[in-house]
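K.L.:
Have a peek at data.csv (CSV, C-alpha atoms).
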```
chain,number,residue,atom,x,y,z
G,189,MET,CA,98.7,85.4,39.1
G,190,THR,CA,98.4,81.9,40.6
G,191,GLN,CA,96.4,81.9,43.9
G,192,ASP,CA,96.9,79.6,46.8
G,193,ILE,CA,93.2,78.7,47.0
G,194,ILE,CA,90.1,79.1,44.7
G,195,ILE,CA,86.8,78.9,46.5
G,196,VAL,CA,83.8,78.1,44.3
G,197,GLY,CA,80.6,79.4,45.9
G,198,GLY,CA,80.0,82.7,47.7
G,199,GLY,CA,77.0,81.8,49.9
G,200,LEU,CA,78.1,81.8,53.6
G,201,ASN,CA,80.6,79.0,54.0
G,202,GLY,CA,82.7,80.3,51.1
G,203,PRO,CA,83.1,83.8,52.5
G,204,ALA,CA,83.8,82.4,56.0
G,205,LEU,CA,86.5,80.2,54.7
G,206,ALA,CA,87.9,83.0,52.5
G,207,LEU,CA,88.2,85.3,55.5
G,208,ALA,CA,89.7,82.7,57.7
G,209,LEU,CA,92.4,81.8,55.1
G,210,ALA,CA,93.1,85.4,54.1
G,211,LYS,CA,93.7,86.3,57.8
G,212,SER,CA,96.2,83.5,57.9
G,213,GLY,CA,98.1,84.9,54.9
G,214,PHE,CA,96.8,82.9,52.0
G,215,ARG,CA,95.9,84.4,48.6
G,216,VAL,CA,92.3,83.5,48.0
G,217,THR,CA,89.8,84.0,45.1
G,218,VAL,CA,86.1,83.5,45.5
G,219,VAL,CA,84.1,82.6,42.3
G,220,ASP,CA,80.4,83.0,42.4
G,221,PRO,CA,77.9,83.9,39.7
G,222,ARG,CA,75.3,85.6,41.9
G,223,PRO,CA,75.1,89.4,42.3
G,224,ALA,CA,76.3,89.5,45.9
G,225,PRO,CA,75.1,93.0,46.9
G,226,ASP,CA,71.5,92.2,45.9
G,227,ARG,CA,71.3,89.4,48.5
G,228,ALA,CA,72.7,91.7,51.3
G,229,GLY,CA,70.5,94.6,50.4
G,230,VAL,CA,67.0,93.0,50.5
G,231,GLY,CA,64.6,93.9,53.2
G,232,PHE,CA,63.4,91.4,55.9
G,233,ASP,CA,62.2,88.3,54.2
G,234,GLY,CA,62.1,85.9,57.1
G,235,ARG,CA,65.1,83.7,56.2
G,236,ALA,CA,67.4,83.2,59.2
G,237,TYR,CA,69.9,80.8,60.7
G,238,SER,CA,70.5,79.2,64.0
G,239,LEU,CA,74.1,79.6,65.0
G,240,ALA,CA,75.7,77.5,67.7
G,241,ILE,CA,78.1,78.9,70.3
G,242,ALA,CA,81.0,77.5,68.4
G,243,SER,CA,79.9,79.1,65.2
G,244,ARG,CA,79.6,82.4,66.9
G,245,ARG,CA,83.2,82.1,68.1
G,246,LEU,CA,84.3,81.4,64.6
G,247,LEU,CA,82.5,84.5,63.2
G,248,SER,CA,84.1,86.5,66.0
G,249,ALA,CA,87.6,85.2,65.2
G,250,ILE,CA,87.2,86.2,61.5
G,251,GLY,CA,85.8,89.7,62.3
G,252,VAL,CA,82.2,89.1,61.3
G,253,TRP,CA,80.4,88.9,64.6
G,254,ASP,CA,80.9,92.4,66.0
G,255,GLY,CA,77.9,94.6,65.3
G,256,LEU,CA,75.9,91.7,63.9
G,257,GLU,CA,72.2,91.8,65.0
G,258,ALA,CA,71.4,88.5,66.7
G,259,GLN,CA,68.7,87.0,69.0
G,260,PRO,CA,70.1,84.8,71.8
G,261,ILE,CA,68.5,81.3,72.1
G,262,LEU,CA,68.0,80.9,75.9
G,263,LYS,CA,65.8,77.7,75.9
G,264,ILE,CA,64.8,75.0,73.5
G,265,LYS,CA,61.6,73.1,74.0
G,266,ALA,CA,61.0,69.9,72.1
G,267,SER,CA,57.7,67.9,72.2
G,268,ASP,CA,55.5,65.6,70.2
G,269,GLY,CA,52.1,66.8,69.1
G,270,ARG,CA,49.2,66.8,66.7
G,271,ALA,CA,47.6,69.8,64.9
G,272,GLY,CA,44.9,71.3,67.1
G,273,GLN,CA,45.8,69.2,70.1
G,274,GLY,CA,48.9,71.0,71.4
G,275,ALA,CA,52.0,69.3,72.8
G,276,ALA,CA,52.2,65.9,74.4
G,277,PRO,CA,52.5,65.7,78.2
G,278,PHE,CA,56.2,64.5,77.9
G,279,PHE,CA,58.6,67.0,76.6
G,280,LEU,CA,62.3,68.0,76.6
G,281,THR,CA,63.6,71.4,77.7
G,282,PHE,CA,67.2,72.6,77.2
G,283,ASP,CA,68.1,75.7,79.2
G,284,HIS,CA,71.2,77.8,78.6
G,285,ALA,CA,71.7,78.1,82.4
G,286,GLU,CA,72.9,74.4,82.4
G,287,ILE,CA,76.1,75.4,80.6
G,288,GLU,CA,78.7,78.0,81.5
G,289,GLU,CA,79.2,79.5,78.0
G,290,GLY,CA,76.1,81.6,77.8
G,291,PRO,CA,73.2,81.3,75.3
G,292,MET,CA,73.0,78.0,73.5
G,293,GLY,CA,73.0,79.8,70.2
G,294,PHE,CA,71.8,82.8,68.2
G,295,MET,CA,69.3,83.5,65.5
G,296,VAL,CA,70.7,85.7,62.7
G,297,GLU,CA,68.8,86.9,59.6
G,298,ASP,CA,70.3,85.9,56.3
G,299,ARG,CA,70.5,89.5,55.0
G,300,HIS,CA,72.5,90.7,58.1
G,301,LEU,CA,74.9,87.8,58.1
G,302,TYR,CA,75.6,88.0,54.3
G,303,ALA,CA,76.1,91.8,54.6
G,304,ALA,CA,78.5,91.3,57.4
G,305,PHE,CA,80.6,89.0,55.3
G,306,LEU,CA,80.6,91.4,52.3
G,307,ALA,CA,81.7,94.3,54.5
G,308,ARG,CA,84.9,92.5,55.5
G,309,MET,CA,85.9,91.0,52.1
G,310,ASP,CA,87.4,94.1,50.5
G,311,GLY,CA,90.9,92.6,50.4
G,312,ILE,CA,89.8,89.3,48.9
G,313,GLU,CA,89.4,88.8,45.1
G,314,ARG,CA,85.9,88.0,44.1
G,315,VAL,CA,85.0,86.9,40.6
G,316,ARG,CA,81.4,87.1,39.4
G,317,ASP,CA,81.4,84.2,36.9
G,318,THR,CA,80.6,80.6,36.5
G,319,VAL,CA,83.0,77.7,36.5
G,320,VAL,CA,82.5,75.6,33.3
G,321,ALA,CA,85.5,73.3,33.4
G,322,GLN,CA,87.9,72.1,36.0
G,323,GLY,CA,91.3,70.4,35.9
G,324,GLU,CA,93.8,69.5,38.6
G,325,GLY,CA,94.5,72.9,40.3
G,326,GLU,CA,92.7,75.0,37.8
G,327,VAL,CA,89.2,76.2,36.7
G,328,THR,CA,88.0,77.7,33.5
G,329,LEU,CA,85.3,80.3,33.7
G,330,ALA,CA,82.4,81.1,31.3
G,331,SER,CA,84.3,84.2,30.3
G,332,GLY,CA,87.2,82.1,29.2
G,333,ARG,CA,89.5,83.1,32.0
G,334,VAL,CA,91.5,80.4,33.6
G,335,LEU,CA,92.3,80.5,37.3
G,336,ARG,CA,95.1,78.3,38.9
G,337,ALA,CA,95.7,77.5,42.5
G,338,ALA,CA,97.2,74.8,44.8
G,339,LEU,CA,93.7,73.9,46.0
G,340,ILE,CA,90.1,74.3,44.8
G,341,VAL,CA,87.4,74.3,47.5
G,342,GLY,CA,83.8,73.5,46.6
G,343,CYS,CA,81.4,75.6,48.7
G,344,ASP,CA,78.7,75.3,45.9
G,345,GLY,CA,75.9,73.4,47.6
G,346,ARG,CA,74.2,70.1,47.2
G,347,ALA,CA,74.4,70.2,43.4
G,348,SER,CA,78.1,70.9,43.6
G,349,GLY,CA,79.6,71.3,40.2
G,350,THR,CA,83.1,71.2,41.9
G,351,ALA,CA,82.3,67.7,43.2
G,352,GLU,CA,80.9,66.5,40.0
G,353,ARG,CA,83.8,67.7,37.9
G,354,ALA,CA,86.2,66.0,40.4
G,355,GLY,CA,84.4,62.7,40.0
G,356,ILE,CA,83.0,62.7,43.5
G,357,ARG,CA,79.7,60.8,43.6
G,358,ARG,CA,76.8,61.4,46.1
G,359,ILE,CA,74.4,59.2,47.9
G,360,GLY,CA,71.1,60.3,49.4
G,361,TRP,CA,67.3,60.1,49.3
G,362,GLY,CA,64.3,62.3,49.5
G,363,TYR,CA,62.1,62.5,52.6
G,364,GLY,CA,58.9,63.1,50.8
G,365,GLN,CA,58.7,66.3,52.7
G,366,THR,CA,58.9,70.0,51.8
G,367,ALA,CA,59.9,72.8,54.2
G,368,LEU,CA,57.6,75.8,54.2
G,369,VAL,CA,59.7,78.7,55.5
G,370,THR,CA,58.5,82.1,56.6
G,371,ALA,CA,58.4,84.5,59.6
G,372,VAL,CA,55.6,85.6,61.8
G,373,SER,CA,55.0,88.5,64.2
G,374,HIS,CA,53.2,87.6,67.4
G,375,GLU,CA,51.4,89.3,70.2
G,376,HIS,CA,53.4,88.0,73.1
G,377,PRO,CA,57.2,88.0,73.5
G,378,HIS,CA,59.0,84.7,72.8
G,379,GLU,CA,61.5,85.2,75.7
G,380,GLY,CA,64.3,83.7,73.6
G,381,VAL,CA,62.7,80.3,73.5
G,382,ALA,CA,63.0,78.0,70.4
G,383,HIS,CA,60.3,75.4,70.0
G,384,GLN,CA,60.5,72.1,68.0
G,385,LEU,CA,57.2,70.4,67.7
G,386,PHE,CA,57.2,67.0,66.1
G,387,LEU,CA,54.0,66.5,64.1
G,388,PRO,CA,53.0,63.3,62.2
G,389,SER,CA,53.7,64.9,58.8
G,390,GLY,CA,57.0,66.5,59.8
G,391,PRO,CA,58.5,68.8,62.4
G,392,LEU,CA,57.6,72.4,63.0
G,393,ALA,CA,60.3,74.8,64.3
G,394,ILE,CA,59.4,78.1,65.8
G,395,LEU,CA,62.7,80.1,66.2
G,396,PRO,CA,63.0,83.4,68.0
G,397,LEU,CA,64.0,86.5,66.1
G,398,LEU,CA,64.6,90.0,67.4
G,399,GLY,CA,61.4,91.7,68.6
G,400,ASN,CA,58.1,89.9,68.7
G,401,ARG,CA,58.9,87.8,65.6
G,402,SER,CA,59.8,84.2,65.0
G,403,SER,CA,61.2,82.2,62.0
G,404,ILE,CA,59.0,79.3,60.9
G,405,VAL,CA,60.4,76.1,59.4
G,406,TRP,CA,57.4,73.9,58.8
G,407,SER,CA,58.0,70.5,57.2
G,408,GLU,CA,55.0,68.8,55.6
G,409,THR,CA,54.4,66.0,53.2
G,410,GLU,CA,55.1,67.0,49.6
G,411,ALA,CA,51.4,66.9,48.7
G,412,ASN,CA,50.3,68.9,51.7
G,413,ALA,CA,53.1,71.4,51.2
G,414,ARG,CA,52.1,72.1,47.6
G,415,ALA,CA,48.5,72.7,48.6
G,416,ILE,CA,49.5,75.0,51.5
G,417,ALA,CA,52.1,76.9,49.5
G,418,ALA,CA,49.4,77.7,46.9
G,419,LEU,CA,47.1,79.3,49.5
G,420,PRO,CA,46.8,83.1,49.9
G,421,ASP,CA,48.4,84.5,53.0
G,422,ASP,CA,45.2,84.5,55.2
G,423,ASP,CA,44.5,80.9,54.4
G,424,PHE,CA,48.2,80.0,55.0
G,425,LEU,CA,47.9,81.4,58.5
G,426,ALA,CA,44.7,79.5,59.0
G,427,ALA,CA,46.5,76.3,58.2
G,428,LEU,CA,49.5,77.2,60.4
G,429,HIS,CA,47.5,78.3,63.4
G,430,PRO,CA,46.3,74.9,64.7
G,431,ARG,CA,49.8,73.6,64.5
G,432,PHE,CA,51.4,76.8,66.0
G,433,GLY,CA,48.9,77.2,68.8
G,434,ASP,CA,48.0,80.3,70.9
G,435,PHE,CA,50.9,80.5,73.3
G,436,LEU,CA,52.3,83.6,71.5
G,437,GLY,CA,48.9,85.2,71.0
G,438,ARG,CA,47.7,86.5,67.6
G,439,ILE,CA,50.1,85.8,64.8
G,440,GLU,CA,50.6,87.5,61.4
G,441,LEU,CA,52.9,86.9,58.5
G,442,ALA,CA,56.0,89.1,58.7
G,443,GLY,CA,58.2,87.8,55.8
G,444,ALA,CA,58.1,86.2,52.4
G,445,ARG,CA,57.2,82.5,52.0
G,446,PHE,CA,59.6,80.0,50.6
G,447,THR,CA,59.5,76.3,49.9
G,448,TYR,CA,62.5,73.8,50.0
G,449,PRO,CA,62.2,70.1,49.1
G,450,LEU,CA,63.9,68.1,51.9
G,451,SER,CA,66.5,65.3,51.3
G,452,LEU,CA,69.6,63.8,52.6
G,453,SER,CA,72.7,64.2,50.4
G,454,LEU,CA,76.2,62.9,51.3
G,455,ALA,CA,79.3,63.0,49.1
G,456,ASP,CA,81.0,59.6,49.1
G,457,ARG,CA,84.3,61.4,49.8
G,458,PHE,CA,85.1,65.0,50.8
G,459,ILE,CA,88.3,65.3,48.8
G,460,ALA,CA,89.9,64.6,45.4
G,461,PRO,CA,93.3,65.6,44.0
G,462,ARG,CA,93.6,69.3,44.8
G,463,VAL,CA,89.9,69.5,45.7
G,464,ALA,CA,88.1,69.7,49.0
G,465,LEU,CA,84.4,70.0,49.7
G,466,VAL,CA,82.8,72.1,52.4
G,467,GLY,CA,79.2,72.5,53.7
G,468,ASP,CA,76.3,71.3,51.7
G,469,ALA,CA,78.7,70.3,48.9
G,470,ALA,CA,79.9,67.6,51.3
G,471,HIS,CA,76.7,66.9,53.3
G,472,GLY,CA,73.1,68.1,53.1
G,473,VAL,CA,71.0,67.3,56.2
G,474,HIS,CA,67.4,67.6,57.3
G,475,PRO,CA,66.8,71.1,58.9
G,476,LEU,CA,65.0,69.8,62.0
G,477,ALA,CA,67.9,70.7,64.3
G,478,GLY,CA,69.1,73.7,62.4
G,479,GLN,CA,72.6,72.3,62.1
G,480,GLY,CA,73.2,72.8,58.3
G,481,LEU,CA,75.2,76.0,58.5
G,482,ASN,CA,76.8,75.0,61.8
G,483,LEU,CA,78.1,71.8,60.2
G,484,GLY,CA,79.5,73.8,57.3
G,485,LEU,CA,81.3,76.2,59.6
G,486,ARG,CA,82.8,73.2,61.4
G,487,ASP,CA,84.2,72.2,58.0
G,488,VAL,CA,85.6,75.7,57.5
G,489,ALA,CA,87.3,75.6,60.9
G,490,ALA,CA,88.8,72.2,60.3
G,491,LEU,CA,90.0,72.8,56.7
G,492,ALA,CA,91.5,76.2,57.7
G,493,GLU,CA,93.5,74.6,60.5
G,494,VAL,CA,94.7,71.7,58.4
G,495,LEU,CA,95.9,74.1,55.6
G,496,VAL,CA,97.6,76.5,58.0
G,497,ASP,CA,99.4,73.7,59.8
G,498,ALA,CA,100.5,72.2,56.5
G,499,HIS,CA,101.8,75.6,55.2
G,500,ARG,CA,103.8,76.1,58.3
G,501,ARG,CA,105.4,72.8,57.9
G,502,GLY,CA,106.3,73.6,54.3
G,503,GLU,CA,103.9,71.0,52.8
G,504,ASP,CA,101.9,71.3,49.5
G,505,ILE,CA,98.5,72.4,50.8
G,506,GLY,CA,96.8,70.6,47.9
G,507,ALA,CA,98.5,67.3,48.3
G,508,MET,CA,96.3,64.3,49.2
G,509,PRO,CA,98.1,63.5,52.5
G,510,VAL,CA,97.2,67.0,53.7
G,511,LEU,CA,93.6,66.8,52.4
G,512,GLU,CA,93.2,63.3,54.0
G,513,ARG,CA,93.7,65.0,57.4
G,514,TYR,CA,90.7,67.2,56.7
G,515,GLN,CA,88.5,64.4,55.6
G,516,GLN,CA,89.5,62.3,58.6
G,517,TRP,CA,88.6,65.1,60.9
G,518,ARG,CA,85.2,65.9,59.4
G,519,ARG,CA,83.7,63.0,57.5
G,520,PHE,CA,82.6,60.9,60.5
G,521,ASP,CA,81.1,63.8,62.5
G,522,SER,CA,79.1,65.2,59.6
G,523,THR,CA,77.9,61.8,58.4
G,524,ALA,CA,76.9,60.8,61.9
G,525,MET,CA,75.0,64.1,62.3
G,526,ALA,CA,73.3,63.6,58.9
G,527,LEU,CA,72.2,60.1,59.7
G,528,GLY,CA,71.2,61.1,63.2
G,529,MET,CA,68.9,63.8,61.9
G,530,ASP,CA,67.6,61.3,59.3
G,531,GLY,CA,66.7,58.8,62.0
G,532,MET,CA,65.1,61.3,64.2
G,533,ASN,CA,62.9,62.6,61.4
G,534,ARG,CA,61.8,59.1,60.6
G,535,LEU,CA,61.1,58.3,64.2
G,536,PHE,CA,59.0,61.4,64.8
G,537,SER,CA,57.3,62.0,61.4
G,538,ASN,CA,54.6,59.4,61.8
G,539,ASP,CA,51.5,58.7,63.9
G,540,ASN,CA,52.2,55.1,64.9
G,541,PRO,CA,50.8,54.8,68.5
G,542,ILE,CA,53.6,52.5,69.7
G,543,LEU,CA,56.4,54.7,68.3
G,544,ARG,CA,54.6,57.7,69.7
G,545,LEU,CA,54.5,56.3,73.2
G,546,GLY,CA,58.1,55.3,73.0
G,547,ARG,CA,59.4,58.6,71.8
G,548,ASP,CA,57.3,60.6,74.3
G,549,LEU,CA,58.7,58.4,77.1
G,550,GLY,CA,62.2,58.9,75.7
G,551,LEU,CA,61.8,62.7,75.7
G,552,GLY,CA,60.6,62.6,79.2
G,553,ALA,CA,63.4,60.4,80.3
G,554,VAL,CA,66.1,62.6,78.8
G,555,ASN,CA,64.4,65.6,80.4
G,556,ALA,CA,64.6,63.9,83.8
G,557,LEU,CA,68.4,63.3,83.6
G,558,PRO,CA,70.4,66.5,84.0
G,559,GLY,CA,73.8,64.9,83.0
G,560,LEU,CA,72.4,63.5,79.7
G,561,ARG,CA,70.5,66.7,79.0
G,562,ARG,CA,73.7,68.8,79.5
G,563,GLY,CA,75.5,66.5,77.1
G,564,PHE,CA,72.9,67.1,74.4
G,565,ILE,CA,73.1,70.9,75.0
G,566,ARG,CA,76.9,70.9,74.6
G,567,GLN,CA,76.6,68.8,71.4
G,568,ALA,CA,74.0,71.1,69.9
G,569,ALA,CA,76.1,74.1,70.9
G,570,GLY,CA,79.1,72.7,69.0
G,571,LEU,CA,81.2,72.4,72.2
G,572,SER,CA,81.9,68.6,72.2
G,573,GLY,CA,84.7,66.7,70.4
G,574,GLU,CA,88.0,68.0,69.1
G,575,LEU,CA,87.5,71.6,68.3
G,576,PRO,CA,89.6,73.5,65.8
G,577,ALA,CA,91.0,76.9,66.9
G,578,LEU,CA,88.4,78.9,65.1
G,579,LEU,CA,85.6,77.1,67.0
G,580,ARG,CA,87.4,78.1,70.2
G,581,GLY,CA,87.4,81.8,69.0
G,582,ARG,CA,90.9,82.3,67.7
G,583,LEU,CA,92.7,82.0,64.3
G,584,PRO,CA,94.7,78.8,63.7
```
In structure tokens, write the structure found in this file.

P.N.:
Amino acid sequence: MTQDIIIVGGGLNGPALALALAKSGFRVTVVDPRPAPDRAGVGFDGRAYSLAIASRRLLSAIGVWDGLEAQPILKIKASDGRAGQGAAPFFLTFDHAEIEEGPMGFMVEDRHLYAAFLARMDGIERVRDTVVAQGEGEVTLASGRVLRAALIVGCDGRASGTAERAGIRRIGWGYGQTALVTAVSHEHPHEGVAHQLFLPSGPLAILPLLGNRSSIVWSETEANARAIAALPDDDFLAALHPRFGDFLGRIELAGARFTYPLSLSLADRFIAPRVALVGDAAHGVHPLAGQGLNLGLRDVAALAEVLVDAHRRGEDIGAMPVLERYQQWRRFDSTAMALGMDGMNRLFSNDNPILRLGRDLGLGAVNALPGLRRGFIRQAAGLSGELPALLRGRLP
């Protein structure tokens, strides 16, 4: 049977889009080679996501949020610093009390979020296989099975095979940095505060999880990261401690340790005949602001709305004029965010004294201007710009 939409990739954006479209009456198939239940069934491993208010609304609209375990982010503190010296005297604080919508965001563990998606996908066809070939409106799987649809959506990450097979090229560059990702338990409560410390070799994010635990995203130069990743746990903590500081008391590792090379990756277009790209398949950004998944969910919301509107008007949902509306909606925003994170990382990941003084004064100036600070909070929460229905908490 020909489906309306084939989604290639079953990470998080793929299931989110599948649920949004299925709830709007589309016939959807998700193709992914990974054993989905294994990812949902693992114990705590430290991997977590920062979800903006708008993303939480989307998850609520597609039935995923209810019952999901999440830690509210009540404050964000950003500051310059050096290992062993603590934060600079000028800093920036965002407080959820400055907006009316509640917490600025939520931290959710990967295992809980993925399990929540799986629990609600019973009515959606899922195919555990690999796409080996792709034509206009069809994919061929490793098993030899051919699937046909009006539209193929690539949710298959930065190395998107969907994009490559559609002739979509990418631009980008490496940062010479690697993210060391883990979780720690700590003696004192975090009070729902997220910390972003800009160090000369890369930013360190300390993000609150449920209980006295925090997720760590520690960006280091590639050489330093290789050396640190090779250390046993006790020595890893000894390297982290002068950067982390003592404000949460004694810390211990509470999750597995992962490393991710950091780069910028942008598709030169988000669409091709009967193809659309979503999430990292379209844009991969630096993790310093935790916007990767949020950007992907904005893509999900915009594409779902464009397709639903086109279907109601009797249009071919895979036609280029329809897909151009999606690209026009999302390409500028996601590219601007990617380049903004790139610029911020370059500005802060150095120890130049002139740049250091300028950025510290800049943080202090923004912190002293409530109107400007509130604008940044709303931007980070996903509340600015033209919001699709899903980001306002309802189906399109």

K.L.:
Pick the closest to Val405 of chain G from G:Ile193, G:Tyr237, G:His284, G:Gly325: which is it, counting all atoms listed in the file?

P.N.:
G:Tyr237

K.L.:
For Leu247 of chain G, work out the shell of residues within 10 Å, counting all atoms listed in the file and skipping chain neighbours fewer than 4 positions away, then give it as a list in words.

P.N.:
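Neighbouring residues, sequence-local ones excluded: Ala204, Leu207, Ala208, Leu239, Ala242, Ser243, Gly251, Val252, Trp253, Asp254, Leu256, Leu301, Ala304, Phe305, Leu485, Leu578, Leu579, Gly581 and Arg582 of chain G.
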
K.L.:
Go through G:Met508, G:Ala354, G:Ala371, G:Leu387 and flag the residue nearest Ala236 of chain G, using only C-alpha atoms for the distances.

P.N.:
G:Ala371

K.L.:
Ranking G:Gly355, G:Pro291, G:Pro260, G:Gly364 by minimum distance to Pro396 of chain G and counting only C-alpha atoms, which one comes first?

P.N.:
G:Pro260

K.L.:
Just the number, please: distance in Å from atom CA of Leu397 of chain G to atom CA of Ser522 of chain G, one decimal.

P.N.:
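Between atom CA of Leu397 of chain G and atom CA of Ser522 of chain G the gap is 26.9 Å.
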
K.L.:
Considering only C-alpha atoms, state which residue in the set G:Ile312, G:Arg462, G:Thr328, G:Ala240 is at the smallest distance from Glu289 of chain G.

P.N.:
G:Ala240

K.L.:
Using only C-alpha atoms, can you tell me which of G:Thr217, G:Ser331, G:Ser212, G:Thr281 comes closest to Ile250 of chain G?

P.N.:
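Counting only C-alpha atoms, the residue closest to Ile250 of chain G is G:Ser212.
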
K.L.:
Would you kindly identify which residues have an atom no farther than 9 Å from (86.1, 72.6, 46.6), using only C-alpha atoms and the file's own coordinates, and write them out as an NGL selection string?

P.N.:
:G and (194-197 or 339-344 or 348 or 350-351 or 458-460 or 462-466 or 469)

K.L.:
Out of G:Gln191, G:Thr523, G:Ser451, G:Gln384, which residue has the shortest atom-to-atom distance to Glu410 of chain G when counting all atoms listed in the file?

P.N.:
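Ranked by minimum distance to Glu410 of chain G, first place goes to G:Ser451.
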
K.L.:
Near Gln322 of chain G, within 10 Å and counting all atoms listed in the file, which residues show up once chain neighbours fewer than 2 positions away are dropped, as a ChimeraX atom specification?

P.N.:
/G:319-320,324-329,334-336,340,349-350,352-354

K.L.:
Given the point (47.6, 82.8, 70.8) in the file's coordinates, find the residues that have an atom at most 12 Å from it, counting only C-alpha atoms, and give them as a list in words.

P.N.:
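Every polymer residue passing the test: Gly274, Ser373, His374, Glu375, His376, Pro377, His378, Leu428, His429, Pro430, Arg431, Phe432, Gly433, Asp434, Phe435, Leu436, Gly437, Arg438, Ile439 and Glu440 of chain G.
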
K.L.:
Go ahead and compute the interatomic distance for atom CA of Arg316 of chain G and atom CA of Arg346 of chain G, in Å to one decimal.

P.N.:
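It comes out at 20.0 Å.
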
K.L.:
Report the distance between atom CA of Leu491 of chain G and atom CA of Ala258 of chain G in Å, rounded to one decimal place.

P.N.:
26.3 Å
